[in-house]
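Reviewing the structure listed below.
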Protein chains: 4
Amino acid sequence: MKIRVGVNGFGTIGKRVADAVARQPDLELVGVAKTRPTFEARRAVDRGYPLYLAGDTPPEKFTAVGLPVAGRLSDLLAKVDVVVDATPEDIGRENRPLYEAAGVRAVYQGGEEADVAEGSFSALANYEASRGKRSLRVVSCNTTGIARAASVVIPRWGVRHWEVTLVRRAADPGDSKRGPIDGIVPTLQIPSHHGPDAQTVLPDLSITTAAVVVPTTLMHVHVNHVTLERAPSGSAEMLAAFRATPRFHLFAGWEGVDGTPQVMEFARDRAGPAGAPGPDLMENVLWEKGLRVEGREAYFFQAIHQESIVVPENIDAIRALVNVTDGPTSIARTDQALGLAPGGPPAPVRAPAASPRP
Amino acid sequence: MKIRVGVNGFGTIGKRVADAVARQPDLELVGVAKTRPTFEARRAVDRGYPLYLAGDTPPEKFTAVGLPVAGRLSDLLAKVDVVVDATPEDIGRENRPLYEAAGVRAVYQGGEEADVAEGSFSALANYEASRGKRSLRVVSCNTTGIARAASVVIPRWGVRHWEVTLVRRAADPGDSKRGPIDGIVPTLQIPSHHGPDAQTVLPDLSITTAAVVVPTTLMHVHVNHVTLERAPSGSAEMLAAFRATPRFHLFAGWEGVDGTPQVMEFARDRAGPAGAPGPDLMENVLWEKGLRVEGREAYFFQAIHQESIVVPENIDAIRALVNVTDGPTSIARTDQALGLAPGGPPAPVRAPAASPRP
Amino acid sequence: MKIRVGVNGFGTIGKRVADAVARQPDLELVGVAKTRPTFEARRAVDRGYPLYLAGDTPPEKFTAVGLPVAGRLSDLLAKVDVVVDATPEDIGRENRPLYEAAGVRAVYQGGEEADVAEGSFSALANYEASRGKRSLRVVSCNTTGIARAASVVIPRWGVRHWEVTLVRRAADPGDSKRGPIDGIVPTLQIPSHHGPDAQTVLPDLSITTAAVVVPTTLMHVHVNHVTLERAPSGSAEMLAAFRATPRFHLFAGWEGVDGTPQVMEFARDRAGPAGAPGPDLMENVLWEKGLRVEGREAYFFQAIHQESIVVPENIDAIRALVNVTDGPTSIARTDQALGLAPGGPPAPVRAPAASPRP
Amino acid sequence: MKIRVGVNGFGTIGKRVADAVARQPDLELVGVAKTRPTFEARRAVDRGYPLYLAGDTPPEKFTAVGLPVAGRLSDLLAKVDVVVDATPEDIGRENRPLYEAAGVRAVYQGGEEADVAEGSFSALANYEASRGKRSLRVVSCNTTGIARAASVVIPRWGVRHWEVTLVRRAADPGDSKRGPIDGIVPTLQIPSHHGPDAQTVLPDLSITTAAVVVPTTLMHVHVNHVTLERAPSGSAEMLAAFRATPRFHLFAGWEGVDGTPQVMEFARDRAGPAGAPGPDLMENVLWEKGLRVEGREAYFFQAIHQESIVVPENIDAIRALVNVTDGPTSIARTDQALGLAPGGPPAPVRAPAASPRP
């Protein structure tokens, strides 16, 4: 029997999580909830996702533009085992009493304060400790990127201290309101909130983060400096570890991928064929030539696609809540359904076919 | 028997045309040719497109990074009926002797001068006149946008004069070299080359174009002012005509699509389900609230996705060259295979399903 | 005896108007009013402008950071003949009763609705008709640019119809909040408000405007198409007229000024020497090679520096209100004090000196 | 008797250095050399700087557009004691034989390799060691920013290790060619060249730098993490040291300066009054709230105006070459002439005047 899932909020994160739920063999997408009729509501209907109303907008606003309404958020909550809250920052907390009253388990996003849920979650970092809780908060995109990388490094070489400068995208691609258009805005508080947030899933990690916001919409870039407990034999050892871990994508150098414009072009290039991961990039992206090890000091860049990186972790959080399987199994199942390469070398090149169909 | 097609050049346009060829029931993608091993070459191999070498790069450069090589460009040309040249500006002309020597029909892109081919081409404008030629040049993205719109207007109300201000994107999303980052650069020559270029496919069109380049990567926007021969009854009549024509997408106003950031978000939202058009937007995009008719004066905005708008026209050009069918049939076949809505009201909303798969 | 002037609002426009008032031989800057202590308040104090408080901020907030306060806005109003309101959009209207109660004449900005004042104003367009009024509204930056250009064209060749596409900067350079970062946003209403606004100062002008917003901070660019009543002999005649008019700057082509980045670089280059106009560009900027005349059809680009173009008009509006002199005299006086070239050929090149001081 | 100075190259750096030379009481600007007639050449003439020709452009190209030519570069070199080479990257090295043949001392810019000159130079770091050399290379904008900051920290608390993430502007404001428009491009080599470059002026500094390029034109931002030898008593002690050092500007927090857009607005605001520093920002900019000290670990942001920060160092390099005075005297003289505040608290606020003139 499948786990029944509802998604409340159908914006940048919610629509991606809904798609990902719908692709999982052991999850059932019961419906999605949205407050306003927009092109994104239309997308839900076009994909056959039952559309429920959150908020006070009268259903006629939806039906008048050809968007059938399946009910109210409360109706959706009555039919699901787990709700994924993908509403804007701080609205998740407001919704919590609804979820509790409905007796459903809940996944919140990283825009909420940590105490919104019983625990914070990142699949590679603390899946086991999260099993069976009533609610989980998937840490934010930047923190997910950090937590994944730290989960590779900690068990292998130990971390004395981790320093990250986060070069943050200022707005999402579909946002025409936010700036800056030309300028850099430092987040003056040091550490930025990302360091303490990473400690919600990796409590023993010594980490300091500093952030600046820059005028791009595509991806964040992290500049990492890690002081290790034990020196790896060299950069090859470290690269091999990242390469062997799910949810990492490494560029070797020959591909012509200089920066985030080409990274996202690569992602768009993967979209299309059935079963492919779509125009998103749910993996941490590393450049092999941008990783340097010198004794116990390691440096590397990683790029983080803020729109999609937390999607796999939301799926795993659902399974952790219902406690149906262990972390490695959930991660492998999630990734296979999403078309992500398993850890290990890049997927083998398929043999050329005479007249292929994408 | 399918028309055998090769694509020379596998960048922004070439890779999209190759995908589109591979989706057509009556075309066979024999292979693609590329000069350098990059992530885009890898994409060709991953999709099963036989990869041929154009230029002098030794094949070892490809095989060393795991990219099997099927032969040289000349080998590809020996196997095809039609080659689509999607190489950078002015390289198409250099390639012409190769195509002629191989006895293959050729489709060139709009970056070439008009005399590279026997005729310039835009499917809605001059398909019939183009049938059976040995070579065609698909006009550029901006000109294709203009030609499509003019092909709707001319037969219905006549055009006394067409004025377009083209607000052009400065670089493609995957380009990290070109600017400006902050600034507007007018193309001082008036008319810009787009007006005369439109006349290569619509010779009787009186048109003046002026252009500026602005710091965006997503889409061009055209500001149109058309003086008609005969007044429509109002904007509704004009909107209905655009809506009834293939390769136009109209936003009604309720969708929350203010500008090109949301338009491309809409396009990305369509990607994913099998048969969907992918994260591109091959249609001319109009805003219903941005069209105004006052007597014989009509004004409207349209947005043009520079990366993909010429893709359907490239497919139609192949059929026109081989002269296998008429324009409307080709257009309908192309669009169905690409998942584009036929002319007419937006595709009907599908009934909600219990647990859909995207 | 000098006209006593106060400036209420000390942001982008207010600080520039204050500087310009302080440079005029016949005006006295009595003080400026500001709501909050910021680096711009500090600038007022550094330049010796008495600083008055507008709004409810307690004076201690200013004095605590070393900014002496000369009084409240009402104190300032008691000492002046004319107040220039440079507060944000719609605040001018709220302030009107204060100005009326204080019995001072008032200049408002173009962000206010036209009926905020007895008349709208643009110096080249309607100075004479504005003399002696109790209040004037200087039309906005874009409208000022249009009104100046139309004031050159109308008396010489007549205007049958004027079409402008406005390519608008999305935010000012000092603004880190507003986007879009990547995208174009059309103003769907046609005509945009600029056309009707131009008619508040040139009521007989037949004009249609359409606008798009683009991600730049430097300048607006207008793409103009004018259908004239009488054909000029050619573009040289038209260029000569613009060149002979105050507040126009023409680039001949040899300067290497391709777009607004170089235009503003040119402006910064002028700054420095005493008496120079500073890093602003208060003139309409035309490219000689971007003007084309074909019979009675004329096309030209102009760039408009949104931060400063209305500054000279604000000064002239003060003199028009008090009715101390005629338009040409006011314009010449304003421009000389601001270091702007008089109409006519560019200022003659000064002879090289042995060891100059800027 | 004044030191006679010529400036070869009149672009972003050259024009600023020429202005700065012209303002120094003990330097004489003999002339500037330029290869092409542009608006910047016009600026030289307008300011009365004798204009010499570098390169092969025939003088008629200049005189035809009203730009009088005083001679060739060789003529200029014959009249000066020191030449400042401000030509594009790598051209300085090509010019070196000319300077040596003319027997003039030379200042090169940081775009050249270090061995172009007898020594690299940064005024706060190694003025004394540079005195009397035949040639000096002023390190680049980013390195100058680092060297200044390190010169404050090293003598007070010692530096065990310095880490900098450089968030670099991609193009200058007057450049309309370079991108990226939307994206982040990491400099994959770690350390970036800035660390070793800083060691050319501070050879004992242990430093690692990493860099990313972002789509802005205004300023670079450095994110610094310094491990000190000795702990300061707190952030106040460290801030006081920066505040007491010439060529640092600190924002306290009340000014409303969130990021580089407001920093450069502040700079523009300073321009105008005679003797003011102009629209540039030659100081390292720090935010008091963006500096954190925790034991021996210190973190701070600084913003660097790439167009102007090296200007004072170029002036000091001239005096060091001719060996006319010591470092502190040169720095004080340079800064006073440029209108920069001496180290210490911000310049006292002047008393309001009745009718000030800017």
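Order determines the names: the first chain of the structure tokens is A, the second B, and so forth; residues in each chain are numbered 1 upward, and ligands are numbered 1 upward as they are shown.
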
* Contacts of B:Ala267 at 8 Å or less, counting only C-alpha atoms, minus same-chain residues fewer than 6 places along, as a list in words? -> Gly278, Pro279, Asp280 and Leu281 of chain B

* Determine which residues of chain C sit within 8 Å of chain A, taking into account only C-alpha atoms, and present them as a ChimeraX atom specification. => /C:171,173,175-183,185,215-217

* Just the residues within 12 Å of stretch 88-95 of chain A, please, counting only C-alpha atoms, with nothing from its chain fewer than 4 positions along; format it as a PyMOL selection string. => chain A and resi 7-14+34-35+54-55+73-74+77+83-84+99-102+104+106-117+135-137+140

Please write the residues from the selection above to a file, keeping N, CA and C atoms, as a JSON list (two decimals), in the first residue's frame.
```
[["chain", "number", "residue", "atom", "x", "y", "z"],
["A", 7, "VAL", "N", 0.52, 17.87, -1.08],
["A", 7, "VAL", "CA", 1.51, 18.95, -1.10],
["A", 7, "VAL", "C", 0.77, 20.27, -0.96],
["A", 8, "ASN", "N", 1.08, 21.01, 0.09],
["A", 8, "ASN", "CA", 0.44, 22.31, 0.32],
["A", 8, "ASN", "C", 1.40, 23.42, -0.09],
["A", 9, "GLY", "N", 1.01, 24.13, -1.13],
["A", 9, "GLY", "CA", 1.92, 25.12, -1.70],
["A", 9, "GLY", "C", 2.43, 24.58, -3.01],
["A", 10, "PHE", "N", 2.26, 25.33, -4.09],
["A", 10, "PHE", "CA", 2.62, 24.80, -5.40],
["A", 10, "PHE", "C", 3.44, 25.84, -6.16],
["A", 11, "GLY", "N", 4.45, 26.34, -5.47],
["A", 11, "GLY", "CA", 5.37, 27.28, -6.10],
["A", 11, "GLY", "C", 6.66, 26.56, -6.47],
["A", 12, "THR", "N", 7.75, 27.27, -6.38],
["A", 12, "THR", "CA", 9.05, 26.73, -6.80],
["A", 12, "THR", "C", 9.33, 25.35, -6.22],
["A", 13, "ILE", "N", 9.17, 25.19, -4.92],
["A", 13, "ILE", "CA", 9.48, 23.91, -4.30],
["A", 13, "ILE", "C", 8.29, 22.94, -4.43],
["A", 14, "GLY", "N", 7.10, 23.43, -4.14],
["A", 14, "GLY", "CA", 5.95, 22.53, -4.10],
["A", 14, "GLY", "C", 5.69, 21.81, -5.41],
["A", 34, "LYS", "N", -3.34, 25.10, -3.30],
["A", 34, "LYS", "CA", -2.79, 26.35, -3.80],
["A", 34, "LYS", "C", -3.75, 27.47, -3.44],
["A", 35, "THR", "N", -3.25, 28.66, -3.24],
["A", 35, "THR", "CA", -4.13, 29.76, -2.82],
["A", 35, "THR", "C", -4.71, 30.54, -3.99],
["A", 54, "ALA", "N", -6.19, 26.29, -0.78],
["A", 54, "ALA", "CA", -5.71, 26.77, 0.51],
["A", 54, "ALA", "C", -6.06, 28.25, 0.58],
["A", 55, "GLY", "N", -6.34, 28.73, 1.74],
["A", 55, "GLY", "CA", -6.67, 30.15, 1.88],
["A", 55, "GLY", "C", -8.10, 30.43, 1.52],
["A", 73, "LEU", "N", -8.23, 22.61, 1.49],
["A", 73, "LEU", "CA", -7.05, 22.01, 2.11],
["A", 73, "LEU", "C", -7.45, 20.98, 3.15],
["A", 74, "SER", "N", -8.47, 21.29, 3.93],
["A", 74, "SER", "CA", -8.89, 20.35, 4.98],
["A", 74, "SER", "C", -9.34, 19.03, 4.36],
["A", 77, "LEU", "N", -6.20, 17.15, 3.54],
["A", 77, "LEU", "CA", -5.54, 16.62, 4.74],
["A", 77, "LEU", "C", -6.24, 15.36, 5.25],
["A", 83, "VAL", "N", 1.69, 15.31, 4.81],
["A", 83, "VAL", "CA", 1.59, 16.53, 4.02],
["A", 83, "VAL", "C", 2.98, 17.15, 3.90],
["A", 84, "VAL", "N", 3.32, 17.60, 2.70],
["A", 84, "VAL", "CA", 4.54, 18.37, 2.52],
["A", 84, "VAL", "C", 4.13, 19.83, 2.43],
["A", 99, "TYR", "N", -2.31, 20.73, 10.48],
["A", 99, "TYR", "CA", -1.78, 19.39, 10.23],
["A", 99, "TYR", "C", -1.93, 18.53, 11.48],
["A", 100, "GLU", "N", -1.65, 19.14, 12.62],
["A", 100, "GLU", "CA", -1.76, 18.38, 13.87],
["A", 100, "GLU", "C", -3.21, 17.97, 14.12],
["A", 101, "ALA", "N", -4.12, 18.90, 13.87],
["A", 101, "ALA", "CA", -5.54, 18.59, 14.08],
["A", 101, "ALA", "C", -5.99, 17.47, 13.14],
["A", 102, "ALA", "N", -5.44, 17.44, 11.95],
["A", 102, "ALA", "CA", -5.82, 16.40, 10.99],
["A", 102, "ALA", "C", -5.10, 15.08, 11.27],
["A", 104, "VAL", "N", -2.02, 14.30, 10.59],
["A", 104, "VAL", "CA", -1.11, 13.86, 9.52],
["A", 104, "VAL", "C", 0.33, 14.22, 9.88],
["A", 106, "ALA", "N", 4.00, 15.64, 8.91],
["A", 106, "ALA", "CA", 4.27, 16.83, 8.10],
["A", 106, "ALA", "C", 5.76, 17.00, 7.81],
["A", 107, "VAL", "N", 6.03, 17.42, 6.58],
["A", 107, "VAL", "CA", 7.38, 17.83, 6.17],
["A", 107, "VAL", "C", 7.34, 19.33, 5.94],
["A", 108, "TYR", "N", 8.22, 20.07, 6.61],
["A", 108, "TYR", "CA", 8.32, 21.52, 6.42],
["A", 108, "TYR", "C", 9.59, 21.86, 5.65],
["A", 109, "GLN", "N", 9.66, 23.08, 5.17],
["A", 109, "GLN", "CA", 10.84, 23.51, 4.44],
["A", 109, "GLN", "C", 11.76, 24.34, 5.32],
["A", 110, "GLY", "N", 12.95, 24.59, 4.81],
["A", 110, "GLY", "CA", 14.00, 25.25, 5.58],
["A", 110, "GLY", "C", 13.78, 26.73, 5.83],
["A", 111, "GLY", "N", 12.77, 27.32, 5.20],
["A", 111, "GLY", "CA", 12.45, 28.70, 5.50],
["A", 111, "GLY", "C", 11.83, 28.87, 6.88],
["A", 112, "GLU", "N", 11.34, 27.78, 7.44],
["A", 112, "GLU", "CA", 10.77, 27.83, 8.79],
["A", 112, "GLU", "C", 11.88, 27.77, 9.83],
["A", 113, "GLU", "N", 11.58, 28.27, 11.00],
["A", 113, "GLU", "CA", 12.51, 28.09, 12.12],
["A", 113, "GLU", "C", 12.60, 26.61, 12.45],
["A", 114, "ALA", "N", 13.74, 26.21, 13.04],
["A", 114, "ALA", "CA", 13.98, 24.79, 13.28],
["A", 114, "ALA", "C", 12.94, 24.16, 14.19],
["A", 115, "ASP", "N", 12.40, 24.92, 15.14],
["A", 115, "ASP", "CA", 11.49, 24.29, 16.10],
["A", 115, "ASP", "C", 10.08, 24.11, 15.55],
["A", 116, "VAL", "N", 9.88, 24.35, 14.26],
["A", 116, "VAL", "CA", 8.57, 24.08, 13.66],
["A", 116, "VAL", "C", 8.27, 22.57, 13.68],
["A", 117, "ALA", "N", 9.34, 21.77, 13.69],
["A", 117, "ALA", "CA", 9.19, 20.32, 13.57],
["A", 117, "ALA", "C", 9.93, 19.61, 14.68],
["A", 135, "SER", "N", 7.09, 14.94, 12.58],
["A", 135, "SER", "CA", 7.30, 16.05, 11.64],
["A", 135, "SER", "C", 8.79, 16.27, 11.46],
["A", 136, "LEU", "N", 9.14, 16.68, 10.27],
["A", 136, "LEU", "CA", 10.53, 16.96, 9.94],
["A", 136, "LEU", "C", 10.60, 18.25, 9.14],
["A", 137, "ARG", "N", 11.73, 18.91, 9.29],
["A", 137, "ARG", "CA", 11.99, 20.11, 8.50],
["A", 137, "ARG", "C", 13.21, 19.84, 7.63],
["A", 140, "SER", "N", 17.29, 24.16, 4.38],
["A", 140, "SER", "CA", 17.18, 24.97, 3.15],
["A", 140, "SER", "C", 18.17, 24.51, 2.09]]
```

* Residue set, stretch 183-333 of chain C restricted to alpha helix (DSSP H), as a PyMOL selection string -> chain C and resi 194-199+235-243+260-270+311-322+327-333

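Taking only stretch 7-104 of chain B, the residues that DSSP calls strand (DSSP E) from the backbone come to Val7, Asn8, Leu27, Glu28, Leu29, Val30, Gly31, Val32, Ala33, Lys34, Leu51, Tyr52, Leu53, Gly71, Arg72, Val82, Val83, Val84 and Asp85 of chain B.
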
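For the set B:Val311, B:Ile318, B:Leu76, B:Leu340, the residue with the smallest atom-to-atom gap to B:Arg131 is B:Ile318, counting only C-alpha atoms.
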
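Nearest-residue note for B:Thr260: choosing from C:Thr187, C:Thr325, C:Ser330, C:Thr209, the minimum distance belongs to C:Thr187, counting only C-alpha atoms.
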
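Those residues that approach B:Arg156 to within 12 Å, counting only C-alpha atoms, are Ala149, Ala150, Ser151, Val152, Val153, Ile154, Gly158, Val159, Leu228, Glu229, Arg230, Ala231, Pro232, Ser233, Glu237, Met238, Ala240, Ala241 and Phe242 of chain B; same-chain residues fewer than 2 positions away are not listed.
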
* **All residues 10 Å or closer to A:Thr200, only C-alpha atoms, same chain fewer than 5 positions away omitted, as number ranges by chain** => A: 114, 119-122, 126, 137, 139, 143, 147, 194-195, 205
